[in-house]
Each structure stands twice: as C-alpha cells, then as structure tokens.
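**Q** So that you have it, the file is target22.cif, and it contains mmCIF, C-alpha atoms:
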```cif
data_coords
#
loop_
_atom_site.label_atom_id
_atom_site.label_comp_id
_atom_site.auth_asym_id
_atom_site.auth_seq_id
_atom_site.Cartn_x
_atom_site.Cartn_y
_atom_site.Cartn_z
CA MET A 424 -10.66 -8.95 -12.43
CA THR A 425 -10.05 -10.08 -8.86
CA LEU A 426 -10.04 -13.65 -10.14
CA ALA A 427 -7.42 -12.86 -12.80
CA ILE A 428 -5.15 -11.33 -10.18
CA ASN A 429 -5.60 -14.27 -7.86
CA ILE A 430 -4.64 -16.60 -10.69
CA LEU A 431 -1.58 -14.49 -11.52
CA LEU A 432 -0.47 -14.37 -7.89
CA TRP A 433 -0.87 -18.09 -7.42
CA LEU A 434 0.95 -18.81 -10.68
CA ILE A 435 3.90 -16.97 -9.17
CA VAL A 436 3.57 -18.97 -5.95
CA VAL A 437 3.44 -22.24 -7.87
CA SER A 438 6.46 -21.42 -10.03
CA LEU A 439 8.46 -20.30 -6.98
CA ALA A 440 7.45 -23.52 -5.21
CA PHE A 441 8.52 -25.46 -8.29
CA PHE A 442 12.01 -23.91 -8.22
CA ALA A 443 12.20 -24.60 -4.50
CA ALA A 444 11.22 -28.23 -5.09
CA LEU A 445 13.99 -28.56 -7.70
CA ARG A 446 16.47 -27.63 -4.98
CA GLY A 447 15.06 -30.19 -2.58
CA ARG A 448 12.02 -31.28 -0.67
CA ILE A 449 13.18 -29.65 2.57
CA LEU A 450 13.35 -26.21 0.99
CA LEU A 451 9.82 -26.59 -0.39
CA ASN A 452 8.43 -27.61 3.02
CA GLU A 453 10.26 -24.78 4.71
CA GLY A 454 8.81 -22.22 2.29
CA VAL A 455 5.25 -23.47 2.69
CA SER A 456 5.42 -23.53 6.49
CA ASP A 457 7.13 -20.08 6.71
CA GLY A 458 4.43 -18.61 4.47
CA ALA A 459 1.61 -20.29 6.38
CA ILE A 460 2.89 -19.09 9.77
CA GLU A 461 3.15 -15.53 8.49
CA PHE A 462 -0.40 -15.77 7.14
CA ILE A 463 -1.86 -17.04 10.44
CA LYS A 464 -0.14 -14.25 12.35
CA LEU A 465 -1.66 -11.67 9.99
CA LEU A 466 -5.23 -12.98 9.96
CA PRO A 467 -6.69 -11.37 13.11
CA ARG A 468 -5.17 -7.97 12.36
CA ILE A 469 -6.47 -7.88 8.82
CA GLY A 470 -9.90 -9.11 9.91
CA ILE A 471 -10.30 -6.29 12.41
CA GLY A 472 -8.90 -3.78 9.93
CA VAL A 473 -11.21 -4.67 7.07
CA VAL A 474 -14.43 -5.06 9.03
CA GLY A 475 -13.75 -1.95 11.09
CA SER A 476 -12.79 0.32 8.22
CA GLY A 477 -16.14 -0.16 6.48
CA PHE A 478 -17.91 1.25 9.54
CA VAL A 479 -15.44 4.09 9.89
CA ALA A 480 -16.01 5.12 6.27
CA GLU A 481 -19.75 5.10 6.90
CA VAL A 482 -19.56 7.61 9.76
CA LEU A 483 -17.16 10.01 8.00
CA PRO A 484 -18.78 13.27 6.83
CA LYS A 485 -18.35 12.95 3.07
CA ALA A 486 -20.13 16.17 2.12
CA LEU A 487 -17.94 18.22 4.42
CA ILE A 488 -14.80 16.77 2.87
CA GLY A 489 -15.95 17.88 -0.58
CA SER A 490 -16.58 21.46 0.46
CA TRP A 491 -13.16 21.87 2.10
CA LEU A 492 -11.23 20.55 -0.85
CA GLY A 493 -12.78 22.48 -3.75
CA PRO A 494 -10.73 23.36 -6.86
CA LYS A 495 -10.11 26.86 -5.45
CA SER A 496 -8.79 25.58 -2.13
CA GLY A 497 -5.26 25.59 -3.61
CA LEU A 498 -2.24 24.62 -1.53
CA LEU A 499 -4.24 24.68 1.70
CA GLY A 500 -6.71 22.26 0.15
CA VAL A 501 -3.84 19.98 -0.91
CA ALA A 502 -2.41 20.15 2.63
CA LEU A 503 -5.81 19.39 4.17
CA ALA A 504 -6.31 16.53 1.70
CA THR A 505 -2.88 15.13 2.59
CA LEU A 506 -3.69 15.26 6.30
CA GLY A 507 -7.09 13.70 5.65
CA GLY A 508 -5.48 10.90 3.64
CA ALA A 509 -3.08 10.12 6.48
CA LEU A 510 -5.95 9.96 8.97
CA THR A 511 -8.27 7.86 6.79
CA PRO A 512 -8.33 4.24 7.88
CA GLY A 513 -6.75 1.68 5.56
CA GLY A 514 -8.43 -1.16 3.76
CA PRO A 515 -8.64 -1.16 0.00
CA VAL A 516 -12.01 0.49 -0.48
CA VAL A 517 -12.21 3.26 2.10
CA GLY A 518 -9.78 5.81 0.66
CA PHE A 519 -10.97 5.36 -2.90
CA SER A 520 -14.65 5.54 -1.99
CA ILE A 521 -14.12 8.73 0.03
CA GLY A 522 -11.97 10.21 -2.74
CA ALA A 523 -14.61 9.41 -5.36
CA ALA A 524 -17.35 10.82 -3.11
CA ALA A 525 -15.32 14.00 -2.56
CA LEU A 526 -14.77 14.38 -6.30
CA LYS A 527 -18.51 14.03 -6.87
CA SER A 528 -19.34 16.57 -4.19
CA GLY A 529 -17.09 19.22 -5.70
CA ALA A 530 -13.50 18.60 -4.58
CA GLY A 531 -10.72 19.59 -7.02
CA ALA A 532 -8.94 16.77 -8.87
CA PRO A 533 -5.38 17.68 -7.69
CA GLN A 534 -6.68 17.74 -4.11
CA VAL A 535 -8.21 14.31 -4.55
CA ILE A 536 -4.94 13.06 -6.07
CA ALA A 537 -3.06 14.40 -3.02
CA TYR A 538 -5.63 12.72 -0.79
CA SER A 539 -5.42 9.28 -2.36
CA THR A 540 -1.61 9.49 -2.67
CA ALA A 541 -1.24 10.35 1.04
CA TRP A 542 -3.72 7.64 1.96
CA ALA A 543 -1.91 5.04 -0.14
CA LEU A 544 1.52 5.99 1.22
CA TYR A 545 1.03 6.62 4.90
CA ALA A 546 -2.46 6.09 6.23
CA ILE A 547 -1.58 5.81 9.93
CA HIS A 548 -4.07 3.02 10.50
CA ARG A 549 -2.44 0.90 7.76
CA LEU A 550 1.07 1.58 9.01
CA MET A 551 0.08 0.29 12.44
CA ILE A 552 -1.90 -2.76 11.35
CA TRP A 553 0.16 -4.07 8.44
CA GLU A 554 3.52 -2.47 8.09
CA VAL A 555 4.79 -2.33 11.68
CA PRO A 556 4.23 -6.06 12.39
CA LEU A 557 6.07 -7.06 9.21
CA MET A 558 8.94 -4.60 8.93
CA PRO A 559 11.51 -3.14 11.31
CA ALA A 560 9.76 -0.18 12.98
CA ARG A 561 12.52 2.29 12.14
CA MET A 562 12.22 1.40 8.49
CA VAL A 563 8.48 2.11 8.61
CA TRP A 564 8.99 5.57 10.13
CA LEU A 565 11.82 6.37 7.73
CA ARG A 566 9.58 5.50 4.80
CA ALA A 567 6.66 7.52 6.17
CA ALA A 568 8.93 10.52 6.81
CA VAL A 569 10.45 10.63 3.33
CA SER A 570 6.99 10.14 1.82
CA LEU A 571 5.58 13.26 3.50
CA PRO A 572 6.17 15.61 0.52
CA LEU A 573 5.03 13.13 -2.14
CA PRO A 574 1.30 14.04 -2.19
CA PHE A 575 2.27 17.68 -2.82
CA ILE A 576 4.57 16.67 -5.66
CA ALA A 577 1.84 14.46 -7.13
CA ALA A 578 -0.72 17.28 -6.96
CA ALA A 579 1.75 19.72 -8.55
CA ALA A 580 2.60 17.23 -11.29
CA ALA A 581 -1.11 16.63 -11.92
CA ILE A 582 -1.67 20.39 -12.33
CA ALA A 583 1.38 20.67 -14.62
CA LEU A 584 0.16 17.79 -16.78
CA GLY A 585 -3.31 19.26 -17.07
CA LYS A 586 -6.51 17.27 -16.93
CA PRO A 587 -6.95 14.78 -19.78
CA MET B 622 -11.57 -0.02 19.65
CA PHE B 623 -11.83 2.72 17.05
CA SER B 624 -13.59 0.29 14.73
CA GLY B 625 -15.96 -0.77 17.50
CA ALA B 626 -16.98 2.83 18.19
CA ALA B 627 -17.64 3.44 14.50
CA ALA B 628 -19.68 0.24 14.29
CA ALA B 629 -21.74 1.29 17.31
CA ALA B 630 -22.32 4.74 15.79
CA VAL B 631 -23.61 3.22 12.55
CA TYR B 632 -25.89 0.85 14.45
CA TRP B 633 -27.29 3.67 16.56
CA ARG B 634 -27.72 6.12 13.67
CA ASP B 635 -28.88 3.93 10.80
CA GLY B 636 -30.42 0.91 12.52
CA ARG B 637 -29.85 -2.79 12.34
CA VAL B 638 -30.47 -3.47 8.66
CA HIS B 639 -27.87 -0.98 7.50
CA PHE B 640 -25.43 -2.23 10.14
CA LEU B 641 -25.80 -5.81 8.91
CA ASP B 642 -25.44 -4.62 5.29
CA ILE B 643 -22.05 -3.09 6.02
CA LEU B 644 -20.94 -5.98 8.18
CA PHE B 645 -21.83 -8.45 5.45
CA GLY B 646 -20.05 -6.35 2.81
CA ASP B 647 -16.90 -6.13 4.94
CA VAL B 648 -16.85 -9.83 5.75
CA THR B 649 -17.26 -10.66 2.04
CA LEU B 650 -14.39 -8.30 1.24
CA PHE B 651 -12.27 -9.95 3.91
CA GLY B 652 -13.03 -13.36 2.43
CA GLU B 653 -12.03 -12.14 -1.03
CA MET B 654 -8.75 -10.81 0.31
CA LEU B 655 -7.65 -14.02 2.02
CA PRO B 656 -6.28 -15.86 -1.03
CA LYS B 657 -4.26 -12.79 -1.98
CA VAL B 658 -2.86 -12.40 1.52
CA LEU B 659 -1.90 -16.06 1.63
CA ALA B 660 -0.26 -15.80 -1.81
CA GLY B 661 1.68 -12.72 -0.64
CA CYS B 662 2.99 -14.57 2.41
CA MET B 663 4.01 -17.54 0.25
CA ILE B 664 5.80 -15.35 -2.31
CA GLY B 665 7.65 -13.60 0.51
CA ALA B 666 8.70 -16.89 2.09
CA PHE B 667 9.89 -18.48 -1.17
CA VAL B 668 11.68 -15.37 -2.42
CA THR B 669 13.62 -15.27 0.86
CA LEU B 670 14.63 -18.92 0.48
CA LEU B 671 15.40 -18.87 -3.25
CA LEU B 672 17.06 -15.56 -4.14
CA PRO B 673 20.78 -15.58 -3.45
CA ARG B 674 21.62 -12.91 -0.89
CA GLU B 675 24.66 -11.71 -2.83
CA MET B 676 22.49 -10.97 -5.84
CA VAL B 677 20.01 -8.88 -3.84
CA ALA B 678 22.84 -7.04 -2.13
CA ARG B 679 24.54 -6.31 -5.44
CA TRP B 680 21.40 -5.19 -7.28
CA VAL B 681 19.66 -3.15 -4.62
CA GLY B 682 22.18 -2.93 -1.75
CA HIS B 683 24.04 0.05 -0.29
CA GLU B 684 26.42 0.36 -3.25
CA SER B 685 23.80 -0.09 -5.97
CA GLY B 686 23.43 3.64 -6.67
CA PHE B 687 20.74 5.13 -8.87
CA ALA B 688 20.35 1.92 -10.87
CA GLY B 689 19.41 0.11 -7.66
CA LEU B 690 16.58 2.55 -7.04
CA LEU B 691 15.37 2.13 -10.63
CA ILE B 692 15.45 -1.66 -10.37
CA ALA B 693 13.58 -1.58 -7.07
CA ALA B 694 10.93 0.80 -8.44
CA LEU B 695 10.51 -1.29 -11.57
CA PHE B 696 10.14 -4.42 -9.48
CA GLY B 697 7.38 -2.69 -7.53
CA VAL B 698 5.48 -1.98 -10.74
CA ILE B 699 5.80 -5.52 -12.08
CA LEU B 700 4.89 -7.56 -8.99
CA PRO B 701 1.17 -8.19 -8.72
CA GLY B 702 -0.83 -7.78 -5.53
CA GLY B 703 -2.16 -4.97 -3.41
CA PRO B 704 -0.99 -3.29 -0.22
CA ILE B 705 -1.63 -6.50 1.71
CA THR B 706 1.02 -8.44 -0.17
CA ILE B 707 3.73 -5.76 -0.16
CA TYR B 708 5.09 -5.93 3.31
CA PRO B 709 6.03 -9.63 3.55
CA VAL B 710 8.00 -9.30 0.30
CA ALA B 711 9.60 -5.95 1.25
CA GLY B 712 10.54 -7.33 4.68
CA ALA B 713 12.18 -10.28 2.96
CA PHE B 714 14.25 -8.00 0.70
CA LEU B 715 15.33 -5.94 3.68
CA ALA B 716 16.44 -9.04 5.57
CA MET B 717 18.46 -10.11 2.52
CA GLY B 718 20.56 -6.99 2.24
CA ALA B 719 18.57 -4.49 0.18
CA ASP B 720 19.23 -0.93 1.39
CA ALA B 721 16.61 1.39 2.89
CA GLY B 722 16.38 3.60 -0.21
CA ALA B 723 15.68 0.64 -2.48
CA VAL B 724 13.01 -0.78 -0.17
CA VAL B 725 11.34 2.64 0.06
CA ALA B 726 11.40 2.99 -3.75
CA PHE B 727 9.96 -0.51 -4.05
CA ILE B 728 7.06 0.06 -1.62
CA THR B 729 6.31 3.50 -3.06
CA SER B 730 6.10 2.27 -6.64
CA TRP B 731 4.03 -0.72 -5.61
CA THR B 732 1.49 1.42 -3.77
CA LEU B 733 1.31 4.29 -6.27
CA ILE B 734 1.97 2.77 -9.69
CA GLY B 735 1.31 -0.96 -9.19
CA TYR B 736 -1.32 -1.90 -11.70
CA THR B 737 -3.33 -4.46 -9.72
CA ARG B 738 -4.43 -1.97 -7.11
CA ALA B 739 -5.41 0.52 -9.78
CA LEU B 740 -7.33 -2.09 -11.79
CA VAL B 741 -9.16 -3.77 -8.94
CA TRP B 742 -9.94 -0.93 -6.58
CA GLU B 743 -9.34 2.47 -8.11
CA LEU B 744 -10.76 2.09 -11.61
CA PRO B 745 -14.33 1.23 -10.53
CA PHE B 746 -14.47 4.36 -8.36
CA PHE B 747 -12.75 6.95 -10.54
CA GLY B 748 -12.82 5.81 -14.17
CA PRO B 749 -9.82 5.44 -16.53
CA ASP B 750 -9.07 9.14 -17.30
CA PHE B 751 -8.57 10.08 -13.69
CA VAL B 752 -6.60 6.93 -12.79
CA ILE B 753 -4.18 7.30 -15.73
CA TRP B 754 -3.68 10.99 -14.91
CA ARG B 755 -2.92 10.19 -11.28
CA ILE B 756 -0.50 7.40 -12.17
CA VAL B 757 1.43 9.52 -14.69
CA ALA B 758 1.79 12.21 -12.01
CA ALA B 759 3.15 9.54 -9.64
CA VAL B 760 5.85 8.08 -11.93
CA PRO B 761 8.85 10.03 -10.51
CA LEU B 762 7.79 9.61 -6.87
CA PRO B 763 9.42 6.24 -6.03
CA ILE B 764 12.83 7.58 -7.09
CA VAL B 765 12.26 10.79 -5.10
CA ALA B 766 11.30 8.84 -1.97
CA GLY B 767 14.17 6.34 -2.36
CA THR B 768 16.71 9.15 -2.82
CA LEU B 769 15.37 11.02 0.22
CA ALA B 770 15.61 7.83 2.28
CA ARG B 771 19.25 7.32 1.23
CA ILE B 772 20.09 10.92 2.08
CA ALA B 773 18.43 10.52 5.49
CA VAL B 774 20.37 7.33 6.23
CA LYS B 775 23.70 8.79 5.04
CA SER B 776 23.35 12.00 7.01
CA GLY B 777 22.61 10.04 10.16
CA TYR B 778 19.02 11.22 10.68
CA ALA B 779 17.92 7.65 10.37
CA GLN B 780 19.81 4.42 10.69
CA GLY B 781 19.98 1.98 7.85
CA PRO B 782 18.45 -1.49 8.00
CA SER B 783 21.83 -3.01 8.85
CA ASP B 784 21.68 -1.25 12.22
CA ILE B 785 18.23 -2.50 13.08
#
```
Could you spell out this file's structure in structure tokens?
**A**
Amino acid sequence: MTLAINILLWLIVVSLAFFAALRGRILLNEGVSDGAIEFIKLLPRIGIGVVGSGFVAEVLPKALIGSWLGPKSGLLGVALATLGGALTPGGPVVGFSIGAAALKSGAGAPQVIAYSTAWALYAIHRLMIWEVPLMPARMVWLRAAVSLPLPFIAAAAAIALGKP
Amino acid sequence: MFSGAAAAAVYWRDGRVHFLDILFGDVTLFGEMLPKVLAGCMIGAFVTLLLPREMVARWVGHESGFAGLLIAALFGVILPGGPITIYPVAGAFLAMGADAGAVVAFITSWTLIGYTRALVWELPFFGPDFVIWRIVAAVPLPIVAGTLARIAVKSGYAQGPSDI
C-alpha cells in the first residue's frame, strides 16, 4: 500500500515536472532545486520527530487512557480525549496506535473518534515541528483555533450516525 | 529534549533490547517516509511555479465564497499524501493568493478525509468499519473550519494571510 502511494505521488511529481519542462528548462531546474532545498531543511526536524515519538508512545500509560475514556464518560470523556489528542506527539503511528489500544482497553468509540480527530488536527508537537516552519505562524494558530470544536462535532456526528 | 527523556525512560525501564527494537522500528519508519516527504516538497515547488496566480486567487481567494471552500476541501480529499506532504503545498497556495478559510478547509479535509492516511496508517489499527464511520462523521468539518476561519478574519480577531 505504501508503495502504491509512493508511485502515485511520484507520478504527480513527474507529470508536474513534464509540464514545467514544456515551459522551459529553467522552470524545470528551478522547481527541482526549490523542492530539494525545502526537503533538506525539513529532514532533521522530521528525523527527530519520528524517532522521538516512538519512544514517547512507549512510555504513555495506555491502560489508564482506556479507563478514563469509557463509553459512559460522555462529554467529559470527549473533552479529555480531545485534550489528550492535542498533547499526543505527532508522527503517523503514535495517535492511531494509542487510539486503537484505548479502544481495546474499553474506551468508547465516539471518545476515540474525538481523540484521533484532535490529534490529526492540532497535535501541538506536530504544529511545532512541521506546520510552523512551513506556514506563516499566524495562519497556523488561526487554523488550530478554529479547529478546536471539531473533535466535539465529530464525536456528536458519530453518535448521531450510530455504530455500523 | 522531550524525545530524549522518553528514550532514556524506555531504556531504563525495559532494557537495551527493547530500546533497540523501538529505535530500529522508528528509523525504518523514517526511511519509508523520506520518498513521500521529498515528493511533497517537489509537488509544492512545481505547483507554485506552474499554477497561474490569478486562477488560484479566483478559485479559492477572498471573493470565492462558499464554492471556494468546497473546491479547497475537495482538493484536500483528492491529493495523495499524508500530513508530511500537506504543509509545503498549503504554504504554496497561501503564497499564491488563496484566502485563510480556503487553506484551513484544504488542510482539514486532507488530514481528516484524505484517503491515503486512512489507508496506510489508520486501517491497519482500527479496521474498515471504524474508519468509514469516523470519516463519514468528519465530512462536514472542513467547511465548518473554513467558515469559522473566514468569520475570524472578517471580524478582525485574526488577520488574513495578505497581512502576514
């Protein structure tokens, strides 16, 4: 699956490069060097983020999370889950593995949905490592601020839809 | 620093073998991410060079209205890649005249509804029923976030990207 997505991504890169080349060699070179510079700037941050987040996930108390976010924990549980999601370090695996572990150890599904939604939208660690270096800081905070209610809406919508 | 403390805690609690296990897993993950990160940077660079600014401004700029939010959200669903490829592309759109609401809608839909993240990372942990349920509950959220961002910018609580 990862391979398929890599192929898809690089197909897009190649077709964009092709269109750039049609408009001239200089444009193609400029695109490649802009992209490469961006990539090199990102490398150390992502390296620290990925390697570190695996260790952070390992020391988090997974069983405790499950007991706080049970199906009867209601709105408080959703709020706690949202807070937990924001505090969970980024990296692709951490939030999902904690969410899955919480679900297994008895957390309610809407709470887990709130958790993974909050984590996806505004995990503080991810905002700092990836978003702030690449976007205007005010834009990042604006996005985080307007995203605050979204985990609650997602949990409410999940309850309204009913479990499949 | 945070990562270092967590790494030390794992080493101290679980011993060397477990520590090396996690380290190896994280480094492998990092290696697997690199081609995607590089592709994201390249797509961002080429999109900036190729897309005419007037077109971006017209489609998803300040005057684009509700349709602009819809287009931005839809774009977020279609573009492949995970959270690591979002920000270069979103930053490029911002620099080319997209308004804050559209960029927020774009990032929100990419993080919550984008299929690559769900397929690669979420599905293995949660299984299809849960993932589909969560995504359906998330469908209206990009529009909600984008609208909130526009309201915030208009009412002066936050400044738009043109002021940054």
**Q** Tell me, counting all atoms listed in the file, for each residue of chain B within 6 Å of chain A, which pair of atoms is nearest and how far apart they are in Å to one decimal, in rows ordered by chain and increasing number, as a tab-separated table.
**A**
```
residue	atom	partner	partner_atom	distance
B:Ser624	CA	A:Gly475	CA	4.3
B:Ala627	CA	A:Val479	CA	5.1
B:Ala628	CA	A:Phe478	CA	5.2
B:Asp647	CA	A:Val474	CA	4.9
B:Leu659	CA	A:Phe462	CA	5.7
B:Cys662	CA	A:Gly458	CA	4.8
B:Met663	CA	A:Gly458	CA	4.4
B:Ile664	CA	A:Val436	CA	5.6
B:Ala666	CA	A:Gly458	CA	5.2
B:Phe667	CA	A:Gly454	CA	5.2
B:Gly712	CA	A:Met558	CA	5.3
B:Val725	CA	A:Arg566	CA	5.8
B:Phe746	CA	A:Ala523	CA	5.9
B:Ala758	CA	A:Ala580	CA	5.1
B:Ala759	CA	A:Ala577	CA	5.7
B:Ala766	CA	A:Val569	CA	5.7
B:Leu769	CA	A:Val569	CA	5.8
B:Ala770	CA	A:Val569	CA	6.0
```
**Q** Quick one: everything within 8 Å of Val724 of chain B, counting all atoms listed in the file, minus sequence neighbours fewer than 4 positions away in the same chain. Send it as a list in words.
**A**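 Using all atoms listed in the file, the neighbours found are Ala693, Ala711, Phe714, Leu715, Ala719, Asp720, Ile728 and Gly767 of chain B.
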**Q** Distance atom CA of Leu492 of chain A-atom CA of Gly748 of chain B, one decimal place?
**A**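 Computed distance, atom CA of Leu492 of chain A to atom CA of Gly748 of chain B, equals 19.9 Å.
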**Q** How far is it from atom CA of Gly508 of chain A to atom CA of Ala726 of chain B, in Å with one decimal?
**A**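 Atom CA of Ala726 of chain B lies 20.1 Å from atom CA of Gly508 of chain A.
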**Q** How would you write as a list in words the residues that get within 10 Å of (22.4, 1.7, -3.5) in the file's frame, counting all atoms listed in the file?
**A** Ala678, Arg679, Trp680, Val681, Gly682, His683, Glu684, Ser685, Gly686, Phe687, Ala688, Gly689, Leu690, Ala719, Asp720, Ala721, Gly722, Ala723, Gly767, Thr768 and Arg771 of chain B
**Q** To one decimal place in Å, what is the distance between atom CA of Gly447 of chain A and atom CA of Ile699 of chain B?
**A**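 Answer for the atom CA of Gly447 of chain A to atom CA of Ile699 of chain B separation: 28.0 Å.
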